[in-house]
$ cat run-v6.pdb   # PDB, C-alpha atoms
MODEL        1
ATOM      1  CA  MET A   1     -16.060  -8.374  21.953
ATOM      2  CA  HIS A   2     -16.807  -9.880  18.528
ATOM      3  CA  LYS A   3     -14.129  -7.726  16.883
ATOM      4  CA  ILE A   4     -11.550  -8.636  19.553
ATOM      5  CA  LEU A   5     -12.218 -12.342  19.102
ATOM      6  CA  THR A   6     -12.070 -12.041  15.308
ATOM      7  CA  VAL A   7      -8.731 -10.233  15.364
ATOM      8  CA  ALA A   8      -7.292 -12.610  17.972
ATOM      9  CA  LEU A   9      -8.355 -15.631  15.945
ATOM     10  CA  SER A  10      -6.954 -14.102  12.771
ATOM     11  CA  LEU A  11      -3.597 -13.495  14.459
ATOM     12  CA  ALA A  12      -3.485 -17.051  15.692
ATOM     13  CA  LEU A  13      -4.209 -18.415  12.229
ATOM     14  CA  VAL A  14      -1.828 -16.256  10.185
ATOM     15  CA  PRO A  15       1.204 -18.599  10.120
ATOM     16  CA  ALA A  16      -0.766 -21.828   9.688
ATOM     17  CA  PHE A  17      -3.094 -20.328   7.069
ATOM     18  CA  ALA A  18      -0.211 -18.900   5.087
ATOM     19  CA  LEU A  19       1.703 -22.186   5.129
ATOM     20  CA  ALA A  20      -1.321 -24.295   4.213
ATOM     21  CA  ALA A  21      -2.412 -22.120   1.281
ATOM     22  CA  PRO A  22      -1.696 -23.283  -2.256
ATOM     23  CA  PRO A  23       0.921 -21.271  -4.160
ATOM     24  CA  ALA A  24      -0.281 -18.136  -5.885
ATOM     25  CA  PRO A  25      -0.742 -18.110  -9.660
ATOM     26  CA  LYS A  26       1.919 -16.378 -11.708
ATOM     27  CA  ALA A  27       0.842 -13.752 -14.222
ATOM     28  CA  ALA A  28       3.291 -12.105 -16.617
ATOM     29  CA  GLY A  29       4.461  -8.826 -15.098
ATOM     30  CA  ILE A  30       6.906  -6.100 -15.963
ATOM     31  CA  GLU A  31       9.427  -8.688 -17.094
ATOM     32  CA  SER A  32       7.158  -9.408 -20.072
ATOM     33  CA  LYS A  33       7.162  -7.299 -23.237
ATOM     34  CA  ASP A  34       3.352  -7.578 -23.285
ATOM     35  CA  TYR A  35       2.917  -6.169 -19.768
ATOM     36  CA  GLN A  36       0.365  -3.375 -19.447
ATOM     37  CA  TRP A  37       0.157  -1.534 -16.134
ATOM     38  CA  ALA A  38      -3.306  -0.974 -14.613
ATOM     39  CA  LYS A  39      -5.112  -2.715 -17.431
ATOM     40  CA  MET A  40      -8.791  -1.921 -16.942
ATOM     41  CA  GLU A  41     -10.373  -5.313 -17.341
ATOM     42  CA  GLY A  42     -11.445  -8.376 -15.386
ATOM     43  CA  GLU A  43     -11.534  -8.252 -11.607
ATOM     44  CA  LEU A  44      -9.952  -4.819 -11.365
ATOM     45  CA  LYS A  45     -12.639  -3.237 -13.520
ATOM     46  CA  GLU A  46     -15.429  -5.208 -11.819
ATOM     47  CA  ALA A  47     -14.442  -4.040  -8.332
ATOM     48  CA  LEU A  48     -13.810  -0.439  -9.394
ATOM     49  CA  ASP A  49     -17.288  -0.317 -10.928
ATOM     50  CA  LYS A  50     -18.837  -1.097  -7.530
ATOM     51  CA  LYS A  51     -19.752   1.673  -5.089
ATOM     52  CA  GLY A  52     -17.996   0.934  -1.814
ATOM     53  CA  ASP A  53     -20.034   0.904   1.403
ATOM     54  CA  VAL A  54     -17.924   2.167   4.327
ATOM     55  CA  LYS A  55     -20.194   0.645   6.988
ATOM     56  CA  ARG A  56     -20.049  -2.822   5.421
ATOM     57  CA  GLY A  57     -16.362  -2.360   4.780
ATOM     58  CA  LYS A  58     -15.697  -1.958   8.481
ATOM     59  CA  GLU A  59     -16.936  -5.513   8.968
ATOM     60  CA  THR A  60     -15.058  -7.009   6.018
ATOM     61  CA  TYR A  61     -11.867  -5.254   7.157
ATOM     62  CA  GLU A  62     -11.806  -7.077  10.508
ATOM     63  CA  ILE A  63      -9.651  -9.952   9.303
ATOM     64  CA  CYS A  64      -7.241  -7.470   7.686
ATOM     65  CA  GLY A  65      -6.821  -5.770  11.062
ATOM     66  CA  ALA A  66      -4.945  -8.793  12.396
ATOM     67  CA  CYS A  67      -1.851  -7.712  10.461
ATOM     68  CA  HIS A  68      -2.579  -4.112   9.469
ATOM     69  CA  LEU A  69      -4.162  -3.319  12.877
ATOM     70  CA  PRO A  70      -7.748  -2.082  13.399
ATOM     71  CA  SER A  71      -6.534   1.472  12.817
ATOM     72  CA  GLY A  72      -4.931   0.556   9.479
ATOM     73  CA  ALA A  73      -1.575   1.677  10.885
ATOM     74  CA  GLY A  74       0.375  -1.429   9.905
ATOM     75  CA  ARG A  75       3.714  -2.029  11.632
ATOM     76  CA  SER A  76       6.395   0.594  12.063
ATOM     77  CA  ASP A  77       9.104  -1.959  11.248
ATOM     78  CA  GLY A  78       7.694  -2.094   7.718
ATOM     79  CA  THR A  79       6.584  -5.728   7.781
ATOM     80  CA  PHE A  80       3.000  -4.612   7.086
ATOM     81  CA  PRO A  81       2.260  -1.298   5.340
ATOM     82  CA  GLN A  82       0.190   1.544   6.705
ATOM     83  CA  LEU A  83      -3.136   1.377   4.831
ATOM     84  CA  ALA A  84      -5.318   4.041   6.463
ATOM     85  CA  GLY A  85      -6.304   6.819   4.080
ATOM     86  CA  GLN A  86      -4.989   5.024   1.013
ATOM     87  CA  HIS A  87      -6.932   5.564  -2.216
ATOM     88  CA  SER A  88      -9.572   2.890  -2.722
ATOM     89  CA  THR A  89      -8.417   2.517  -6.329
ATOM     90  CA  VAL A  90      -4.871   1.699  -5.227
ATOM     91  CA  LEU A  91      -6.095  -0.808  -2.634
ATOM     92  CA  ILE A  92      -8.346  -2.562  -5.139
ATOM     93  CA  LYS A  93      -5.593  -2.705  -7.762
ATOM     94  CA  GLN A  94      -3.042  -4.186  -5.372
ATOM     95  CA  MET A  95      -5.504  -6.810  -4.109
ATOM     96  CA  ALA A  96      -6.452  -7.737  -7.670
ATOM     97  CA  ASP A  97      -2.782  -7.928  -8.672
ATOM     98  CA  ILE A  98      -1.966 -10.192  -5.717
ATOM     99  CA  ARG A  99      -4.951 -12.435  -6.441
ATOM    100  CA  MET A 100      -3.974 -12.917 -10.076
ATOM    101  CA  GLY A 101      -0.281 -13.422  -9.290
ATOM    102  CA  LEU A 102       0.936 -10.179 -10.804
ATOM    103  CA  ARG A 103       2.308  -8.962  -7.473
ATOM    104  CA  ASP A 104       4.185 -11.611  -5.500
ATOM    105  CA  ASN A 105       3.122 -11.492  -1.853
ATOM    106  CA  PRO A 106       2.974 -14.968  -0.271
ATOM    107  CA  THR A 107       1.961 -13.562   3.126
ATOM    108  CA  MET A 108      -0.988 -11.622   1.750
ATOM    109  CA  TYR A 109      -2.105 -14.068  -0.928
ATOM    110  CA  PRO A 110      -3.896 -16.576   1.375
ATOM    111  CA  PHE A 111      -6.151 -13.760   2.574
ATOM    112  CA  ALA A 112      -6.492 -11.953  -0.754
ATOM    113  CA  LYS A 113      -7.596 -15.127  -2.534
ATOM    114  CA  GLU A 114     -10.550 -15.472  -0.167
ATOM    115  CA  MET A 115     -12.000 -12.080  -1.086
ATOM    116  CA  THR A 116     -13.756 -13.231  -4.226
ATOM    117  CA  ASP A 117     -16.766 -10.912  -3.956
ATOM    118  CA  HIS A 118     -16.138  -7.701  -5.900
ATOM    119  CA  GLN A 119     -18.509  -5.812  -3.620
ATOM    120  CA  ASP A 120     -16.598  -6.955  -0.520
ATOM    121  CA  LEU A 121     -13.389  -5.716  -2.105
ATOM    122  CA  ALA A 122     -14.933  -2.339  -2.932
ATOM    123  CA  ASP A 123     -16.441  -2.026   0.562
ATOM    124  CA  THR A 124     -13.184  -2.904   2.327
ATOM    125  CA  ALA A 125     -11.237  -0.413   0.217
ATOM    126  CA  ALA A 126     -13.812   2.323   0.893
ATOM    127  CA  TYR A 127     -13.540   1.763   4.648
ATOM    128  CA  ILE A 128      -9.735   1.813   4.637
ATOM    129  CA  GLN A 129      -9.750   5.021   2.596
ATOM    130  CA  SER A 130     -12.045   6.626   5.199
ATOM    131  CA  LEU A 131      -9.572   6.085   8.058
ATOM    132  CA  CYS A 132      -7.370   8.919   9.241
ATOM    133  CA  ILE A 133      -3.645   8.536   8.582
ATOM    134  CA  PRO A 134      -1.644   7.838  11.784
ATOM    135  CA  VAL A 135       0.955  10.441  12.691
ATOM    136  CA  ASP A 136       3.146   8.078  14.720
ATOM    137  CA  HIS A 137       4.316   5.855  11.852
ATOM    138  CA  GLY A 138       7.842   4.543  11.355
ATOM    139  CA  LYS A 139      10.304   7.218  10.237
ATOM    140  CA  TYR A 140      14.014   7.252   9.472
ATOM    141  CA  GLU A 141      15.726   7.454  12.861
ATOM    142  CA  GLY A 142      19.442   7.597  12.080
ATOM    143  CA  PRO A 143      21.638  10.318  13.591
ATOM    144  CA  ASP A 144      21.840  11.865  10.112
ATOM    145  CA  ALA A 145      18.048  12.078   9.732
ATOM    146  CA  ALA A 146      17.970  15.787   8.904
ATOM    147  CA  LYS A 147      20.607  15.312   6.199
ATOM    148  CA  GLN A 148      18.825  12.305   4.700
ATOM    149  CA  VAL A 149      15.445  14.023   4.632
ATOM    150  CA  ALA A 150      16.955  17.112   2.978
ATOM    151  CA  ALA A 151      18.664  15.007   0.303
ATOM    152  CA  GLY A 152      15.472  13.021  -0.230
ATOM    153  CA  LYS A 153      13.427  16.193  -0.562
ATOM    154  CA  GLU A 154      15.642  17.357  -3.422
ATOM    155  CA  LEU A 155      15.206  14.048  -5.264
ATOM    156  CA  TYR A 156      11.485  13.917  -4.574
ATOM    157  CA  GLU A 157      10.798  17.420  -5.843
ATOM    158  CA  LYS A 158      12.847  16.747  -8.973
ATOM    159  CA  GLN A 159      11.350  13.421 -10.038
ATOM    160  CA  CYS A 160       8.474  12.247  -7.805
ATOM    161  CA  VAL A 161       6.280  15.234  -7.052
ATOM    162  CA  GLU A 162       4.577  15.236 -10.455
ATOM    163  CA  CYS A 163       2.860  11.918  -9.700
ATOM    164  CA  HIS A 164       2.848  11.658  -5.908
ATOM    165  CA  LYS A 165       2.243  15.400  -5.325
ATOM    166  CA  ALA A 166       3.681  17.839  -2.800
ATOM    167  CA  ASN A 167       2.161  16.282   0.331
ATOM    168  CA  GLY A 168       2.416  12.678  -0.813
ATOM    169  CA  GLU A 169      -1.296  12.534  -1.635
ATOM    170  CA  GLY A 170      -0.866  10.692  -4.951
ATOM    171  CA  VAL A 171      -3.613  10.633  -7.589
ATOM    172  CA  LYS A 172      -6.627   8.406  -7.004
ATOM    173  CA  GLU A 173      -7.755   8.262 -10.634
ATOM    174  CA  LYS A 174      -4.309   7.203 -11.858
ATOM    175  CA  PHE A 175      -3.613   4.610  -9.134
ATOM    176  CA  TYR A 176      -0.733   6.694  -7.759
ATOM    177  CA  PRO A 177      -0.642   5.811  -4.041
ATOM    178  CA  VAL A 178      -0.731   8.027  -0.994
ATOM    179  CA  LEU A 179       2.780   8.103   0.493
ATOM    180  CA  ALA A 180       2.072  10.358   3.473
ATOM    181  CA  GLY A 181       2.135   8.405   6.719
ATOM    182  CA  GLN A 182       3.794   5.348   5.215
ATOM    183  CA  HIS A 183       6.544   3.587   7.170
ATOM    184  CA  TYR A 184      10.116   4.364   6.150
ATOM    185  CA  LYS A 185      11.223   0.727   6.129
ATOM    186  CA  TYR A 186       8.266  -0.324   3.984
ATOM    187  CA  LEU A 187       8.923   2.488   1.514
ATOM    188  CA  LEU A 188      12.598   1.570   1.287
ATOM    189  CA  ARG A 189      11.811  -2.101   0.711
ATOM    190  CA  GLN A 190       9.268  -1.393  -2.030
ATOM    191  CA  MET A 191      11.455   1.166  -3.789
ATOM    192  CA  THR A 192      14.349  -1.290  -3.751
ATOM    193  CA  GLU A 193      12.163  -4.071  -5.143
ATOM    194  CA  ILE A 194      10.844  -1.803  -7.894
ATOM    195  CA  ARG A 195      14.366  -0.724  -8.855
ATOM    196  CA  ASP A 196      15.661  -4.288  -8.865
ATOM    197  CA  GLY A 197      12.733  -5.715 -10.871
ATOM    198  CA  HIS A 198      11.185  -7.749  -8.048
ATOM    199  CA  ARG A 199       7.945  -5.759  -7.803
ATOM    200  CA  ARG A 200       6.470  -7.243 -10.961
ATOM    201  CA  ASN A 201       3.310  -5.106 -11.013
ATOM    202  CA  ALA A 202       5.285  -1.862 -10.936
ATOM    203  CA  ASN A 203       4.474   1.139 -13.096
ATOM    204  CA  PRO A 204       7.022   1.131 -15.961
ATOM    205  CA  ASP A 205       7.260   4.930 -15.773
ATOM    206  CA  MET A 206       8.356   4.684 -12.144
ATOM    207  CA  VAL A 207      10.862   1.955 -12.947
ATOM    208  CA  LYS A 208      12.533   4.269 -15.479
ATOM    209  CA  VAL A 209      12.843   7.007 -12.871
ATOM    210  CA  ILE A 210      14.073   4.816 -10.044
ATOM    211  CA  LYS A 211      16.374   2.458 -11.962
ATOM    212  CA  PRO A 212      19.483   4.694 -11.710
ATOM    213  CA  TYR A 213      19.085   5.365  -7.969
ATOM    214  CA  THR A 214      21.837   4.130  -5.655
ATOM    215  CA  ASN A 215      21.072   2.478  -2.317
ATOM    216  CA  ASP A 216      21.998   5.724  -0.563
ATOM    217  CA  GLN A 217      19.577   7.689  -2.717
ATOM    218  CA  LEU A 218      16.792   5.215  -1.961
ATOM    219  CA  VAL A 219      17.420   5.655   1.762
ATOM    220  CA  ALA A 220      17.244   9.440   1.429
ATOM    221  CA  ILE A 221      14.098   9.552  -0.683
ATOM    222  CA  SER A 222      12.346   7.007   1.541
ATOM    223  CA  ALA A 223      13.287   9.063   4.595
ATOM    224  CA  TYR A 224      11.732  12.145   3.028
ATOM    225  CA  GLN A 225       8.587  10.359   1.869
ATOM    226  CA  ALA A 226       8.070   8.994   5.391
ATOM    227  CA  SER A 227       8.179  12.572   6.705
ATOM    228  CA  LEU A 228       5.251  13.740   4.551
ATOM    229  CA  SER A 229       1.779  14.503   5.895
ATOM    230  CA  MET A 230      -1.499  15.431   4.219
ATOM    231  CA  PRO A 231      -3.416  18.359   5.746
ATOM    232  CA  GLY A 232      -6.955  17.310   6.623
ATOM    233  CA  SER A 233      -6.186  13.605   6.442
ATOM    234  CA  MET A 234      -3.996  12.954   9.471
ATOM    235  CA  CYS A 235      -5.197  11.581  12.807
ATOM    236  CA  LYS A 236      -5.125  13.769  15.872
ATOM    237  CA  ALA A 237      -1.884  13.465  17.816
ATOM    238  CA  GLY A 238      -1.785  10.435  20.083
ATOM    239  CA  PRO A 239      -2.346   6.700  19.606
ATOM    240  CA  ALA A 240      -3.824   6.034  16.162
ATOM    241  CA  LYS A 241      -7.227   4.389  16.300
ATOM    242  CA  GLY A 242      -9.580   3.325  13.548
ATOM    243  CA  GLY A 243     -12.316   5.857  12.937
ATOM    244  CA  ALA A 244     -10.502   8.690  14.706
ATOM    245  CA  LYS A 245     -11.307  12.159  13.477
ATOM    246  CA  LYS A 246      -9.068  13.789  10.902
ATOM    247  CA  LYS A 247      -7.383  17.069  11.541
TER     248      LYS A 247
ENDMDL
END
$ encode --input "run-v6.pdb" --output "structure tokens"
Amino acid sequence: MHKILTVALSLALVPAFALAAPPAPKAAGIESKDYQWAKMEGELKEALDKKGDVKRGKETYEICGACHLPSGAGRSDGTFPQLAGQHSTVLIKQMADIRMGLRDNPTMYPFAKEMTDHQDLADTAAYIQSLCIPVDHGKYEGPDAAKQVAAGKELYEKQCVECHKANGEGVKEKFYPVLAGQHYKYLLRQMTEIRDGHRRNANPDMVKVIKPYTNDQLVAISAYQASLSMPGSMCKAGPAKGGAKKK
């Protein structure tokens, strides 16, 4: 009952809270010649040095579940990303980047700015990482889906697999995110923003790779990425629920 009330209250407060929050700070990102990606200092280093407690993280995650859902599944329309199973390092980095104004996310900032305790951040990330990845996420659904996925596979294996790996598992130690189970529309939006210079905390190496891509190529590669799954990390078939067993 407590969790239901917390999530319901969080949902009710999202618009008002977001509107009432002060504007986020603005740190120099990829547009600056002095930008250094994943700089190991300050809040990022502090939170990464903490050992995350999954049990405590389940409690601190409750407010996040209002938008990302208790299961961590996010929204299939791509408005909120799928978080379940994501590397704790990636989660901590993105939260730290949003808090310091390196990644512009006005919807997330009012909530991110409240998580000032490094241990809370580490615990929340550890819990999210422990969740199984939903299998019923948003995929590319056009009539040419097979063609798009095939074209995206070719691009992915040529230029993305080295960092994001064959099953979209990424690399935890290098902050390369898990792509498996992510929503197609979210992937497409983020890839477009990285290419066009709007994702200011982007990895410069990725920007170099993605800069020449056309809109059609971004659609194809996002369609393929959304089709990926990680053996041993996916939820059992059926409605995704937080804490479900992996298969």
$ residues_near_point --input "run-v6.pdb" --point "(-19.5, 0.5, 9.5)" --cutoff "12 Å" --atoms "only C-alpha atoms" --output "MDAnalysis selection string"
chainID A and resid 52:62 123:124 126:128 130:131 242:243
$ residues_around --input "run-v6.pdb" --residues "Lys147 of chain A" --least-positions-apart "6" --cutoff "12 Å" --atoms "all atoms listed in the file" --output "list in words"
Tyr140, Glu141, Lys153, Glu154, Asp216, Gln217, Val219, Ala220, Ile221, Ala223 and Tyr224 of chain A
$ atom_distance --input "run-v6.pdb" --atom1 "atom CA of Thr107 of chain A" --atom2 "atom CA of Leu91 of chain A"
16.1 Å
$ atom_distance --input "run-v6.pdb" --atom1 "atom CA of Ile63 of chain A" --atom2 "atom CA of Glu114 of chain A"
11.0 Å
$ closest_residue --input "run-v6.pdb" --among "A:Pro204, A:Gly85, A:Pro110, A:Pro143" --to "Glu169 of chain A" --atoms "all atoms listed in the file"
A:Gly85
$ residues_near_point --input "run-v6.pdb" --point "(9.3, 7.0, 11.0)" --cutoff "7 Å" --atoms "all atoms listed in the file" --output "compact mmCIF listing (two decimals) with C-alpha atoms, keeping the file's coordinate frame"
# COMPACT_ATOMS: atom_id res chain seq x y z
CA HIS A 137 4.32 5.86 11.85
CA GLY A 138 7.84 4.54 11.36
CA LYS A 139 10.30 7.22 10.24
CA TYR A 140 14.01 7.25 9.47
CA GLU A 141 15.73 7.45 12.86
CA HIS A 183 6.54 3.59 7.17
CA TYR A 184 10.12 4.36 6.15
CA ALA A 226 8.07 8.99 5.39
$ atom_distance --input "run-v6.pdb" --atom1 "atom CA of Asp196 of chain A" --atom2 "atom CA of Gly29 of chain A"
13.6 Å
$ axis_aligned_box --input "run-v6.pdb" --around "segment 188-200 of chain A" --padding-each-side "3 Å" --output "lines of an AutoDock Vina configuration file"
center_x = 11.1
center_y = -3.1
center_z = -4.8
size_x = 15.2
size_y = 15.3
size_z = 18.2
$ resolve_selection --input "run-v6.pdb" --expression "the PyMOL selection byres ((chain A and resi 43) around 12)" --output "mmCIF file with C-alpha atoms, in the frame of the given file"
data_model
loop_
_atom_site.group_PDB
_atom_site.id
_atom_site.type_symbol
_atom_site.label_atom_id
_atom_site.label_comp_id
_atom_site.auth_asym_id
_atom_site.auth_seq_id
_atom_site.Cartn_x
_atom_site.Cartn_y
_atom_site.Cartn_z
ATOM 1 C CA ALA A 38 -3.306 -0.974 -14.613
ATOM 2 C CA LYS A 39 -5.112 -2.715 -17.431
ATOM 3 C CA MET A 40 -8.791 -1.921 -16.942
ATOM 4 C CA GLU A 41 -10.373 -5.313 -17.341
ATOM 5 C CA GLY A 42 -11.445 -8.376 -15.386
ATOM 6 C CA LEU A 44 -9.952 -4.819 -11.365
ATOM 7 C CA LYS A 45 -12.639 -3.237 -13.520
ATOM 8 C CA GLU A 46 -15.429 -5.208 -11.819
ATOM 9 C CA ALA A 47 -14.442 -4.040 -8.332
ATOM 10 C CA LEU A 48 -13.810 -0.439 -9.394
ATOM 11 C CA ASP A 49 -17.288 -0.317 -10.928
ATOM 12 C CA LYS A 50 -18.837 -1.097 -7.530
ATOM 13 C CA ILE A 92 -8.346 -2.562 -5.139
ATOM 14 C CA LYS A 93 -5.593 -2.705 -7.762
ATOM 15 C CA GLN A 94 -3.042 -4.186 -5.372
ATOM 16 C CA MET A 95 -5.504 -6.810 -4.109
ATOM 17 C CA ALA A 96 -6.452 -7.737 -7.670
ATOM 18 C CA ASP A 97 -2.782 -7.928 -8.672
ATOM 19 C CA ILE A 98 -1.966 -10.192 -5.717
ATOM 20 C CA ARG A 99 -4.951 -12.435 -6.441
ATOM 21 C CA MET A 100 -3.974 -12.917 -10.076
ATOM 22 C CA MET A 115 -12.000 -12.080 -1.086
ATOM 23 C CA THR A 116 -13.756 -13.231 -4.226
ATOM 24 C CA ASP A 117 -16.766 -10.912 -3.956
ATOM 25 C CA HIS A 118 -16.138 -7.701 -5.900
ATOM 26 C CA GLN A 119 -18.509 -5.812 -3.620
ATOM 27 C CA LEU A 121 -13.389 -5.716 -2.105
ATOM 28 C CA ALA A 122 -14.933 -2.339 -2.932
#
$ residues_around --input "run-v6.pdb" --residues "Gly168 of chain A" --least-positions-apart "5" --cutoff "6 Å" --atoms "all atoms listed in the file" --output "ChimeraX atom specification"
/A:178-180
$ residues_around --input "run-v6.pdb" --residues "Arg195 of chain A" --least-positions-apart "2" --cutoff "9 Å" --atoms "only C-alpha atoms" --output "number ranges by chain"
A: 190-193, 197-199, 206-213
$ write_last_selection --input "run-v6.pdb" --atoms "C-alpha atoms" --output "PDB file, keeping the file's coordinate frame"
ATOM      1  CA  GLN A 190       9.268  -1.393  -2.030  1.00  0.00           C
ATOM      2  CA  MET A 191      11.455   1.166  -3.789  1.00  0.00           C
ATOM      3  CA  THR A 192      14.349  -1.290  -3.751  1.00  0.00           C
ATOM      4  CA  GLU A 193      12.163  -4.071  -5.143  1.00  0.00           C
ATOM      5  CA  GLY A 197      12.733  -5.715 -10.871  1.00  0.00           C
ATOM      6  CA  HIS A 198      11.185  -7.749  -8.048  1.00  0.00           C
ATOM      7  CA  ARG A 199       7.945  -5.759  -7.803  1.00  0.00           C
ATOM      8  CA  MET A 206       8.356   4.684 -12.144  1.00  0.00           C
ATOM      9  CA  VAL A 207      10.862   1.955 -12.947  1.00  0.00           C
ATOM     10  CA  LYS A 208      12.533   4.269 -15.479  1.00  0.00           C
ATOM     11  CA  VAL A 209      12.843   7.007 -12.871  1.00  0.00           C
ATOM     12  CA  ILE A 210      14.073   4.816 -10.044  1.00  0.00           C
ATOM     13  CA  LYS A 211      16.374   2.458 -11.962  1.00  0.00           C
ATOM     14  CA  PRO A 212      19.483   4.694 -11.710  1.00  0.00           C
ATOM     15  CA  TYR A 213      19.085   5.365  -7.969  1.00  0.00           C
TER      16      TYR A 213
END
$ residues_around --input "run-v6.pdb" --residues "Asn167 of chain A" --least-positions-apart "6" --cutoff "12 Å" --atoms "only C-alpha atoms" --output "ChimeraX atom specification"
/A:153,156-157,160-161,177-181,224-234
$ resolve_selection --input "run-v6.pdb" --expression "the PyMOL selection byres ((chain A and resi 77) around 9)" --output "list in words"
Gly74, Arg75, Ser76, Gly78, Thr79, Phe80, Gly138, His183, Tyr184, Lys185 and Tyr186 of chain A
$ write_last_selection --input "run-v6.pdb" --atoms "C-alpha atoms" --output "mmCIF file, in the frame of the given file"
data_model
loop_
_atom_site.group_PDB
_atom_site.id
_atom_site.type_symbol
_atom_site.label_atom_id
_atom_site.label_comp_id
_atom_site.auth_asym_id
_atom_site.auth_seq_id
_atom_site.Cartn_x
_atom_site.Cartn_y
_atom_site.Cartn_z
ATOM 1 C CA GLY A 74 0.375 -1.429 9.905
ATOM 2 C CA ARG A 75 3.714 -2.029 11.632
ATOM 3 C CA SER A 76 6.395 0.594 12.063
ATOM 4 C CA GLY A 78 7.694 -2.094 7.718
ATOM 5 C CA THR A 79 6.584 -5.728 7.781
ATOM 6 C CA PHE A 80 3.000 -4.612 7.086
ATOM 7 C CA GLY A 138 7.842 4.543 11.355
ATOM 8 C CA HIS A 183 6.544 3.587 7.170
ATOM 9 C CA TYR A 184 10.116 4.364 6.150
ATOM 10 C CA LYS A 185 11.223 0.727 6.129
ATOM 11 C CA TYR A 186 8.266 -0.324 3.984
#
$ closest_residue --input "run-v6.pdb" --among "A:Ile30, A:Ala125, A:Ile194, A:Ala112" --to "Lys51 of chain A" --atoms "all atoms listed in the file"
A:Ala125
$ closest_residue --input "run-v6.pdb" --among "A:Gly65, A:Pro25, A:Gly72, A:Gly170" --to "Gln129 of chain A" --atoms "all atoms listed in the file"
A:Gly72
$ build_atoms --input "run-v6.pdb" --residues "segment 181-193 of chain A" --atoms "N, CA, C and O atoms" --output "mmCIF file, keeping the file's coordinate frame"
data_model
loop_
_atom_site.group_PDB
_atom_site.id
_atom_site.type_symbol
_atom_site.label_atom_id
_atom_site.label_comp_id
_atom_site.auth_asym_id
_atom_site.auth_seq_id
_atom_site.Cartn_x
_atom_site.Cartn_y
_atom_site.Cartn_z
ATOM 1 N N GLY A 181 2.444 9.301 5.610
ATOM 2 C CA GLY A 181 2.135 8.405 6.719
ATOM 3 C C GLY A 181 2.641 6.989 6.546
ATOM 4 O O GLY A 181 2.440 6.144 7.424
ATOM 5 N N GLN A 182 3.297 6.703 5.428
ATOM 6 C CA GLN A 182 3.794 5.348 5.215
ATOM 7 C C GLN A 182 5.103 5.133 5.983
ATOM 8 O O GLN A 182 5.892 6.060 6.179
ATOM 9 N N HIS A 183 5.348 3.912 6.398
ATOM 10 C CA HIS A 183 6.544 3.587 7.170
ATOM 11 C C HIS A 183 7.803 3.648 6.302
ATOM 12 O O HIS A 183 7.814 3.144 5.175
ATOM 13 N N TYR A 184 8.845 4.229 6.859
ATOM 14 C CA TYR A 184 10.116 4.364 6.150
ATOM 15 C C TYR A 184 10.637 3.024 5.653
ATOM 16 O O TYR A 184 11.028 2.882 4.474
ATOM 17 N N LYS A 185 10.637 2.015 6.518
ATOM 18 C CA LYS A 185 11.223 0.727 6.129
ATOM 19 C C LYS A 185 10.401 0.040 5.040
ATOM 20 O O LYS A 185 10.957 -0.661 4.192
ATOM 21 N N TYR A 186 9.095 0.243 5.047
ATOM 22 C CA TYR A 186 8.266 -0.324 3.984
ATOM 23 C C TYR A 186 8.550 0.389 2.668
ATOM 24 O O TYR A 186 8.694 -0.247 1.615
ATOM 25 N N LEU A 187 8.627 1.712 2.716
ATOM 26 C CA LEU A 187 8.923 2.488 1.514
ATOM 27 C C LEU A 187 10.264 2.075 0.911
ATOM 28 O O LEU A 187 10.379 1.868 -0.302
ATOM 29 N N LEU A 188 11.267 1.932 1.759
ATOM 30 C CA LEU A 188 12.598 1.570 1.287
ATOM 31 C C LEU A 188 12.582 0.186 0.642
ATOM 32 O O LEU A 188 13.184 -0.020 -0.423
ATOM 33 N N ARG A 189 11.876 -0.753 1.267
ATOM 34 C CA ARG A 189 11.811 -2.101 0.711
ATOM 35 C C ARG A 189 11.121 -2.119 -0.652
ATOM 36 O O ARG A 189 11.596 -2.737 -1.605
ATOM 37 N N GLN A 190 10.004 -1.407 -0.765
ATOM 38 C CA GLN A 190 9.268 -1.393 -2.030
ATOM 39 C C GLN A 190 10.041 -0.674 -3.129
ATOM 40 O O GLN A 190 10.066 -1.114 -4.278
ATOM 41 N N MET A 191 10.683 0.428 -2.782
ATOM 42 C CA MET A 191 11.455 1.166 -3.789
ATOM 43 C C MET A 191 12.624 0.312 -4.283
ATOM 44 O O MET A 191 12.936 0.302 -5.479
ATOM 45 N N THR A 192 13.243 -0.419 -3.365
ATOM 46 C CA THR A 192 14.349 -1.290 -3.751
ATOM 47 C C THR A 192 13.854 -2.405 -4.671
ATOM 48 O O THR A 192 14.491 -2.730 -5.681
ATOM 49 N N GLU A 193 12.711 -2.993 -4.327
ATOM 50 C CA GLU A 193 12.163 -4.071 -5.143
ATOM 51 C C GLU A 193 11.740 -3.577 -6.527
ATOM 52 O O GLU A 193 11.905 -4.297 -7.522
#
